[in-house]
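A.B. asks: Okay, here's the structure, questions in a sec.
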Amino acid sequence: MAGSCRCCHAPLEAGGRYHPRCLSRLFGRALLPTIPFGRAEMPALVARDQGRMSISGVQMKLSARLDNGTGRLESVATGGTYILKPEPERYPLIPQNENLCMSMAEAVGLPVPPHGLLAMADKSLCYVVKRFDRAEDGTKIQQETVFQILGAAEKYAGSLESVGKAIRSHAANVGLDVIDFFERVLFCFLTGNGDMHLKNWALLYHGRDLALAPCYDLVCSRVYIANEEDSALALNGKKNKLARVDFEALAENLGIDPKAAANSFERLRLAQEKLREMAIGSELPFGLRRKLAGIIKARYKRLYGRSAADASSLP
Ligand SMILES: Nc1ncnc2c1ncn2[C@@H]1O[C@H](COP(=O)(O)OP(=O)(O)OP(=O)(O)O)[C@@H](O)[C@H]1O
Ligand SMILES: [Mg+2]
């Protein structure tokens, strides 16, 4: 078997580890950049850029720029157009997990920036994603996380309804963004993502208009935290034991027409086999692949009933 692409996770037709088209999409050409540092060098680079780099978040990360002359991804304090996230000590294989979840989101039609897994100088893999808050020439596109928009004090203290309200009050194309948001909420539940707190939702400026920013930080957190609550933010007044009615109530709260909500449920339902295939076909270690497929199967059953569970069997 030729394996799956380290960008999109779809099967590879020929040798190599990436589809040339996926590399082109990520780097502007079908060449694989090198990363001149390893995981061990990253803390010093992060410290060097401290205070000047405009991306936050708990996990270690660097902003980087592609040097077209040398073909190297260089860590830079300003003007970076990529984000690099290495494997944290606490959560093994997060780069692979995040890359897979982003590919799954893309496969179900959600907006996802170009991304992939790249080997660093020490051969360890890091997750690389194109920055959606930078234009090609490196100029900044303003983004506001929902945490900032709401003036929140704690990123887990909030509700999905309040994120929806922020979208409804600020987005230029409310109808489109509200459905996008609702489908992302369904997707996160179905992929065992219990970490979509207020800083993992953002709005992005397009000129003077605001729109929901593309997906980021999608991971199946459930594989690491067995007793994790279903959702980082409350939904219909609770974070756990979520059921179909709670998601239906969210759709209503967001002002989504019942027919459109039913369409979204159906779109996600039809993706079950695709998500299972991607989890099973990924390059994650066997145990983790199985665990992920098991989580997805259980979540489908909770949202769609027994028929969903029958539709797929574990490997
Ligand atoms: N592709 C991207 N383009 C532009 N900005 C991004 C992108 N991905 C993430 N960000 C911004 O960087 C911040 C941190 O990124 P991310 O959420 O991936 O990091 P993290 O450390 O894993 O987060 P957490 O604190 O949730 O663990 C996000 O809140 C978002 O505003
Ligand atoms: Mg985050």
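By convention in this document, the chains of the structure tokens carry letters A, B, ... by their order, each chain's residues are numbered from 1, and ligands are numbered from 1 in the order they are shown.
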Go through the chains and note each residue within 6 Å of ligand 1, using only C-alpha atoms and all ligand atoms, then give the set as a PyMOL selection string.
C.D. replies: chain A and resi 55-59+129-133+145+199-200+216-217
A.B. asks: Those same residues - N, CA and C atoms - I'd like them written as a short mmCIF file (atom, residue, chain, number, x, y, z; two decimals), in the first residue's frame.
C.D. replies:
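Saved as result33.cif:
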data_model
loop_
_atom_site.label_atom_id
_atom_site.label_comp_id
_atom_site.auth_asym_id
_atom_site.auth_seq_id
_atom_site.Cartn_x
_atom_site.Cartn_y
_atom_site.Cartn_z
N ILE A 55 0.81 35.17 17.66
CA ILE A 55 -0.08 34.02 17.91
C ILE A 55 0.10 33.55 19.36
N SER A 56 -1.03 33.27 19.98
CA SER A 56 -0.95 32.83 21.36
C SER A 56 -1.33 31.36 21.45
N GLY A 57 -1.85 30.93 22.58
CA GLY A 57 -2.21 29.51 22.75
C GLY A 57 -1.25 28.84 23.71
N VAL A 58 -1.74 27.76 24.30
CA VAL A 58 -1.00 27.08 25.37
C VAL A 58 0.17 26.27 24.83
N GLN A 59 -0.04 25.59 23.72
CA GLN A 59 0.99 24.69 23.19
C GLN A 59 2.14 25.48 22.55
N VAL A 129 0.75 24.75 9.40
CA VAL A 129 -0.50 25.28 8.81
C VAL A 129 -0.24 26.68 8.28
N LYS A 130 -0.83 26.95 7.15
CA LYS A 130 -0.72 28.29 6.55
C LYS A 130 -1.52 29.26 7.39
N ARG A 131 -0.94 30.43 7.66
CA ARG A 131 -1.67 31.43 8.46
C ARG A 131 -2.76 32.10 7.62
N PHE A 132 -3.98 32.07 8.14
CA PHE A 132 -5.06 32.74 7.40
C PHE A 132 -5.16 34.21 7.78
N ASP A 133 -4.33 34.63 8.76
CA ASP A 133 -4.35 36.04 9.15
C ASP A 133 -3.17 36.80 8.54
N THR A 145 -10.49 36.60 18.36
CA THR A 145 -11.10 35.37 18.86
C THR A 145 -12.42 35.74 19.55
N LYS A 199 -11.29 30.52 22.75
CA LYS A 199 -10.15 30.99 21.94
C LYS A 199 -9.96 30.14 20.69
N ASN A 200 -10.77 29.09 20.56
CA ASN A 200 -10.67 28.26 19.36
C ASN A 200 -11.74 28.60 18.33
N TYR A 216 -9.37 25.88 12.99
CA TYR A 216 -8.01 25.67 13.51
C TYR A 216 -8.11 24.92 14.82
N ASP A 217 -6.97 24.35 15.23
CA ASP A 217 -6.88 23.63 16.52
C ASP A 217 -7.91 22.51 16.65
#
A.B. asks: A:Asp177, A:Ile225, A:Val76, A:Arg276: which is nearest Arg90 (chain A), counting only C-alpha atoms?
C.D. replies: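 Result for the nearest residue to Arg90 (chain A): A:Ile225.
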A.B. asks: Just asking: which residues within region 14-179 of chain A are strand (DSSP E) according to DSSP, as a PyMOL selection string?
C.D. replies: chain A and resi 62-67+72-75+82-85+115-119+125-130+143-145
A.B. asks: Using N, CA and C atoms, can you write the selected residues to a file as a PDB file, in the first residue's frame?
C.D. replies:
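Result saved to part_34.pdb:
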ATOM      1  N   LEU A  62       5.658  28.046  16.697  1.00  0.00           N
ATOM      2  CA  LEU A  62       6.499  29.070  16.079  1.00  0.00           C
ATOM      3  C   LEU A  62       5.808  29.619  14.854  1.00  0.00           C
ATOM      4  N   SER A  63       6.106  30.861  14.538  1.00  0.00           N
ATOM      5  CA  SER A  63       5.654  31.421  13.276  1.00  0.00           C
ATOM      6  C   SER A  63       6.843  31.309  12.313  1.00  0.00           C
ATOM      7  N   ALA A  64       6.567  30.944  11.071  1.00  0.00           N
ATOM      8  CA  ALA A  64       7.674  30.690  10.144  1.00  0.00           C
ATOM      9  C   ALA A  64       7.384  31.258   8.767  1.00  0.00           C
ATOM     10  N   ARG A  65       8.451  31.437   8.008  1.00  0.00           N
ATOM     11  CA  ARG A  65       8.356  31.975   6.656  1.00  0.00           C
ATOM     12  C   ARG A  65       9.137  31.041   5.747  1.00  0.00           C
ATOM     13  N   LEU A  66       8.651  30.854   4.541  1.00  0.00           N
ATOM     14  CA  LEU A  66       9.366  29.993   3.599  1.00  0.00           C
ATOM     15  C   LEU A  66      10.378  30.843   2.848  1.00  0.00           C
ATOM     16  N   ASP A  67      11.653  30.449   2.951  1.00  0.00           N
ATOM     17  CA  ASP A  67      12.691  31.114   2.163  1.00  0.00           C
ATOM     18  C   ASP A  67      12.757  30.393   0.821  1.00  0.00           C
ATOM     19  N   ARG A  72      13.971  26.604   2.805  1.00  0.00           N
ATOM     20  CA  ARG A  72      13.873  26.313   4.235  1.00  0.00           C
ATOM     21  C   ARG A  72      12.727  27.074   4.880  1.00  0.00           C
ATOM     22  N   LEU A  73      12.065  26.427   5.830  1.00  0.00           N
ATOM     23  CA  LEU A  73      11.065  27.121   6.642  1.00  0.00           C
ATOM     24  C   LEU A  73      11.814  27.718   7.825  1.00  0.00           C
ATOM     25  N   GLU A  74      11.922  29.039   7.840  1.00  0.00           N
ATOM     26  CA  GLU A  74      12.697  29.711   8.882  1.00  0.00           C
ATOM     27  C   GLU A  74      11.765  30.288   9.942  1.00  0.00           C
ATOM     28  N   SER A  75      12.153  30.094  11.191  1.00  0.00           N
ATOM     29  CA  SER A  75      11.363  30.675  12.275  1.00  0.00           C
ATOM     30  C   SER A  75      11.587  32.186  12.311  1.00  0.00           C
ATOM     31  N   TYR A  82       3.376  30.913   8.197  1.00  0.00           N
ATOM     32  CA  TYR A  82       3.028  29.550   8.625  1.00  0.00           C
ATOM     33  C   TYR A  82       3.107  29.471  10.149  1.00  0.00           C
ATOM     34  N   ILE A  83       2.362  28.517  10.704  1.00  0.00           N
ATOM     35  CA  ILE A  83       2.498  28.202  12.130  1.00  0.00           C
ATOM     36  C   ILE A  83       3.006  26.764  12.219  1.00  0.00           C
ATOM     37  N   LEU A  84       3.999  26.546  13.061  1.00  0.00           N
ATOM     38  CA  LEU A  84       4.570  25.208  13.265  1.00  0.00           C
ATOM     39  C   LEU A  84       4.260  24.750  14.685  1.00  0.00           C
ATOM     40  N   LYS A  85       3.682  23.586  14.815  1.00  0.00           N
ATOM     41  CA  LYS A  85       3.389  23.068  16.159  1.00  0.00           C
ATOM     42  C   LYS A  85       4.043  21.692  16.322  1.00  0.00           C
ATOM     43  N   HIS A 115      -2.510  22.675   5.133  1.00  0.00           N
ATOM     44  CA  HIS A 115      -1.777  22.164   6.300  1.00  0.00           C
ATOM     45  C   HIS A 115      -1.082  20.857   5.946  1.00  0.00           C
ATOM     46  N   GLY A 116      -0.153  20.434   6.794  1.00  0.00           N
ATOM     47  CA  GLY A 116       0.514  19.148   6.557  1.00  0.00           C
ATOM     48  C   GLY A 116       1.437  18.794   7.713  1.00  0.00           C
ATOM     49  N   LEU A 117       1.998  17.590   7.628  1.00  0.00           N
ATOM     50  CA  LEU A 117       2.972  17.141   8.625  1.00  0.00           C
ATOM     51  C   LEU A 117       4.347  17.183   7.972  1.00  0.00           C
ATOM     52  N   LEU A 118       5.300  17.826   8.629  1.00  0.00           N
ATOM     53  CA  LEU A 118       6.652  17.887   8.060  1.00  0.00           C
ATOM     54  C   LEU A 118       7.666  17.398   9.081  1.00  0.00           C
ATOM     55  N   ALA A 119       8.709  16.747   8.576  1.00  0.00           N
ATOM     56  CA  ALA A 119       9.776  16.304   9.466  1.00  0.00           C
ATOM     57  C   ALA A 119      10.701  17.485   9.732  1.00  0.00           C
ATOM     58  N   LEU A 125       8.079  14.837  13.689  1.00  0.00           N
ATOM     59  CA  LEU A 125       7.086  15.489  12.833  1.00  0.00           C
ATOM     60  C   LEU A 125       6.461  16.680  13.545  1.00  0.00           C
ATOM     61  N   CYS A 126       6.288  17.759  12.800  1.00  0.00           N
ATOM     62  CA  CYS A 126       5.509  18.862  13.352  1.00  0.00           C
ATOM     63  C   CYS A 126       4.356  19.166  12.402  1.00  0.00           C
ATOM     64  N   TYR A 127       3.336  19.782  12.968  1.00  0.00           N
ATOM     65  CA  TYR A 127       2.162  20.176  12.193  1.00  0.00           C
ATOM     66  C   TYR A 127       2.411  21.582  11.653  1.00  0.00           C
ATOM     67  N   VAL A 128       2.214  21.747  10.359  1.00  0.00           N
ATOM     68  CA  VAL A 128       2.438  23.048   9.720  1.00  0.00           C
ATOM     69  C   VAL A 128       1.121  23.512   9.106  1.00  0.00           C
ATOM     70  N   VAL A 129       0.746  24.747   9.403  1.00  0.00           N
ATOM     71  CA  VAL A 129      -0.505  25.277   8.813  1.00  0.00           C
ATOM     72  C   VAL A 129      -0.243  26.679   8.284  1.00  0.00           C
ATOM     73  N   LYS A 130      -0.829  26.953   7.150  1.00  0.00           N
ATOM     74  CA  LYS A 130      -0.716  28.287   6.551  1.00  0.00           C
ATOM     75  C   LYS A 130      -1.517  29.265   7.390  1.00  0.00           C
ATOM     76  N   GLN A 143      -7.633  39.397  13.085  1.00  0.00           N
ATOM     77  CA  GLN A 143      -8.602  38.393  13.554  1.00  0.00           C
ATOM     78  C   GLN A 143      -8.907  38.662  15.018  1.00  0.00           C
ATOM     79  N   GLU A 144     -10.103  38.308  15.425  1.00  0.00           N
ATOM     80  CA  GLU A 144     -10.499  38.469  16.833  1.00  0.00           C
ATOM     81  C   GLU A 144     -11.054  37.141  17.284  1.00  0.00           C
ATOM     82  N   THR A 145     -10.492  36.596  18.357  1.00  0.00           N
ATOM     83  CA  THR A 145     -11.103  35.371  18.863  1.00  0.00           C
ATOM     84  C   THR A 145     -12.418  35.742  19.549  1.00  0.00           C
TER      85      THR A 145
END
A.B. asks: DSSP says helix (DSSP H, G or I) for which residues of region 32-132 of chain A? Put them as a list in words?
C.D. replies: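 Matching residues for helix (DSSP H, G or I) in region 32-132 of chain A are Arg39, Ala40, Glu41, Met42, Pro43, Ala44, Leu45, Val46, Ala47, Arg48, Asp49, Ile94, Pro95, Gln96, Asn97, Glu98, Asn99, Leu100, Cys101, Met102, Ser103, Met104, Ala105, Glu106 and Ala107 of chain A.
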A.B. asks: Using C-alpha atoms, can you write the selected residues to a file as an mmCIF file, in the first residue's frame?
C.D. replies:
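And here's selection.cif as it stands now:
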data_model
loop_
_atom_site.group_PDB
_atom_site.id
_atom_site.type_symbol
_atom_site.label_atom_id
_atom_site.label_comp_id
_atom_site.auth_asym_id
_atom_site.auth_seq_id
_atom_site.Cartn_x
_atom_site.Cartn_y
_atom_site.Cartn_z
ATOM 1 C CA ARG A 39 12.120 19.996 18.578
ATOM 2 C CA ALA A 40 14.872 20.579 21.141
ATOM 3 C CA GLU A 41 15.801 23.941 19.560
ATOM 4 C CA MET A 42 12.248 25.224 19.549
ATOM 5 C CA PRO A 43 11.981 26.562 23.131
ATOM 6 C CA ALA A 44 14.970 28.874 22.504
ATOM 7 C CA LEU A 45 13.415 30.107 19.253
ATOM 8 C CA VAL A 46 10.098 30.692 21.015
ATOM 9 C CA ALA A 47 11.904 32.627 23.771
ATOM 10 C CA ARG A 48 13.730 34.719 21.147
ATOM 11 C CA ASP A 49 10.402 35.715 19.525
ATOM 12 C CA ILE A 94 -0.861 15.668 18.596
ATOM 13 C CA PRO A 95 0.636 16.868 15.282
ATOM 14 C CA GLN A 96 -0.663 13.723 13.564
ATOM 15 C CA ASN A 97 -3.978 13.956 15.400
ATOM 16 C CA GLU A 98 -4.466 17.633 14.463
ATOM 17 C CA ASN A 99 -3.459 17.095 10.847
ATOM 18 C CA LEU A 100 -5.906 14.208 10.559
ATOM 19 C CA CYS A 101 -8.785 16.136 12.175
ATOM 20 C CA MET A 102 -8.163 19.127 9.906
ATOM 21 C CA SER A 103 -8.181 16.789 6.896
ATOM 22 C CA MET A 104 -11.410 15.220 8.103
ATOM 23 C CA ALA A 105 -12.971 18.671 8.448
ATOM 24 C CA GLU A 106 -11.870 19.452 4.918
ATOM 25 C CA ALA A 107 -13.321 16.166 3.689
#
A.B. asks: From the options A:Leu292, A:Ala157, A:Ile141, A:Cys8, which residue's atoms come nearest to Gly192 (chain A), counting only C-alpha atoms?
C.D. replies: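 So, comparing all the options, the nearest one is A:Leu292.
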A.B. asks: Using only C-alpha atoms, which residues sit within 9 Å of Ile296 (chain A) once same-chain residues fewer than 2 positions away are excluded, as a list in words?
C.D. replies: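 Using only C-alpha atoms, the neighbours found are Phe189, Leu190, Thr191, Gly192, Gln272, Leu275, Arg276, Ala279, Lys291, Leu292, Ala293, Gly294, Ala298, Arg299, Tyr300 and Lys301 of chain A.
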A.B. asks: One decimal, Å: what's the distance from CA of Arg244 (chain A) over to CA of Leu303 (chain A), could you say?
C.D. replies: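 Answer for the CA of Arg244 (chain A) to CA of Leu303 (chain A) separation: 5.2 Å.
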A.B. asks: In terms of the shortest atom-to-atom distance over only C-alpha atoms, which of A:Ala251, A:Ala77, A:Ala243, A:Leu93 is closest to Ser231 (chain A)?
C.D. replies: A:Ala243
A.B. asks: Can you work out which one of A:Ala249, A:Leu242, A:Ile280, A:Met196 has the shortest atom-to-atom distance to ligand 2, counting only C-alpha atoms and all ligand atoms?
C.D. replies: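 Closest residue, counting only C-alpha atoms and all ligand atoms: A:Met196.
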A.B. asks: Residues near Asn240 (chain A), anyone? I mean within 9 Å using only C-alpha atoms, not counting same-chain ones fewer than 6 positions away, as a list in words.
C.D. replies: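 The residues satisfying every condition are Glu228, Glu229, Asp230, Ser231 and Ala234 of chain A.
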A.B. asks: Would you write out those residues with N, CA and C atoms, as a compact mmCIF listing (two decimals), in the first residue's frame?
C.D. replies:
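As written to disk, out-v2.txt reads:
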# COMPACT_ATOMS: atom_id res chain seq x y z
N GLU A 228 -13.28 12.90 29.49
CA GLU A 228 -13.48 14.30 29.09
C GLU A 228 -14.97 14.58 28.86
N GLU A 229 -15.36 15.82 29.19
CA GLU A 229 -16.75 16.21 28.91
C GLU A 229 -16.94 16.34 27.40
N ASP A 230 -18.17 16.22 26.95
CA ASP A 230 -18.44 16.25 25.52
C ASP A 230 -18.01 17.56 24.86
N SER A 231 -18.22 18.65 25.57
CA SER A 231 -17.96 19.97 24.96
C SER A 231 -17.24 20.89 25.94
N ALA A 234 -20.62 25.16 27.19
CA ALA A 234 -21.96 24.63 27.45
C ALA A 234 -22.83 24.69 26.18
A.B. asks: Using only C-alpha atoms, determine which residues lie at most 9 Å from Phe181 (chain A), disregarding the query and same-chain residues fewer than 3 positions distant; provide the list as an mmCIF file with N, CA and C atoms, in the first residue's frame.
C.D. replies:
data_model
loop_
_atom_site.group_PDB
_atom_site.id
_atom_site.type_symbol
_atom_site.label_atom_id
_atom_site.label_comp_id
_atom_site.auth_asym_id
_atom_site.auth_seq_id
_atom_site.Cartn_x
_atom_site.Cartn_y
_atom_site.Cartn_z
ATOM 1 N N VAL A 163 -21.190 31.964 21.507
ATOM 2 C CA VAL A 163 -20.336 32.054 20.308
ATOM 3 C C VAL A 163 -21.242 32.368 19.111
ATOM 4 N N GLY A 164 -22.380 31.663 19.051
ATOM 5 C CA GLY A 164 -23.336 31.893 17.964
ATOM 6 C C GLY A 164 -23.837 33.333 17.959
ATOM 7 N N ILE A 167 -21.292 35.590 16.489
ATOM 8 C CA ILE A 167 -21.286 35.467 15.020
ATOM 9 C C ILE A 167 -22.467 36.240 14.434
ATOM 10 N N LEU A 176 -24.757 32.258 6.220
ATOM 11 C CA LEU A 176 -23.703 31.320 5.833
ATOM 12 C C LEU A 176 -22.857 30.900 7.045
ATOM 13 N N ASP A 177 -22.447 31.895 7.835
ATOM 14 C CA ASP A 177 -21.548 31.611 8.952
ATOM 15 C C ASP A 177 -22.221 30.817 10.064
ATOM 16 N N VAL A 178 -23.519 31.046 10.232
ATOM 17 C CA VAL A 178 -24.221 30.345 11.298
ATOM 18 C C VAL A 178 -24.340 28.844 10.962
ATOM 19 N N ARG A 184 -19.686 22.825 12.217
ATOM 20 C CA ARG A 184 -18.428 22.593 12.940
ATOM 21 C C ARG A 184 -18.709 22.018 14.333
ATOM 22 N N VAL A 185 -19.777 22.509 14.965
ATOM 23 C CA VAL A 185 -20.140 21.996 16.288
ATOM 24 C C VAL A 185 -20.482 20.505 16.182
ATOM 25 N N LEU A 186 -21.259 20.138 15.165
ATOM 26 C CA LEU A 186 -21.601 18.717 14.958
ATOM 27 C C LEU A 186 -20.328 17.913 14.691
ATOM 28 N N LEU A 212 -16.601 34.281 9.978
ATOM 29 C CA LEU A 212 -16.031 33.214 10.794
ATOM 30 C C LEU A 212 -14.691 32.795 10.174
#
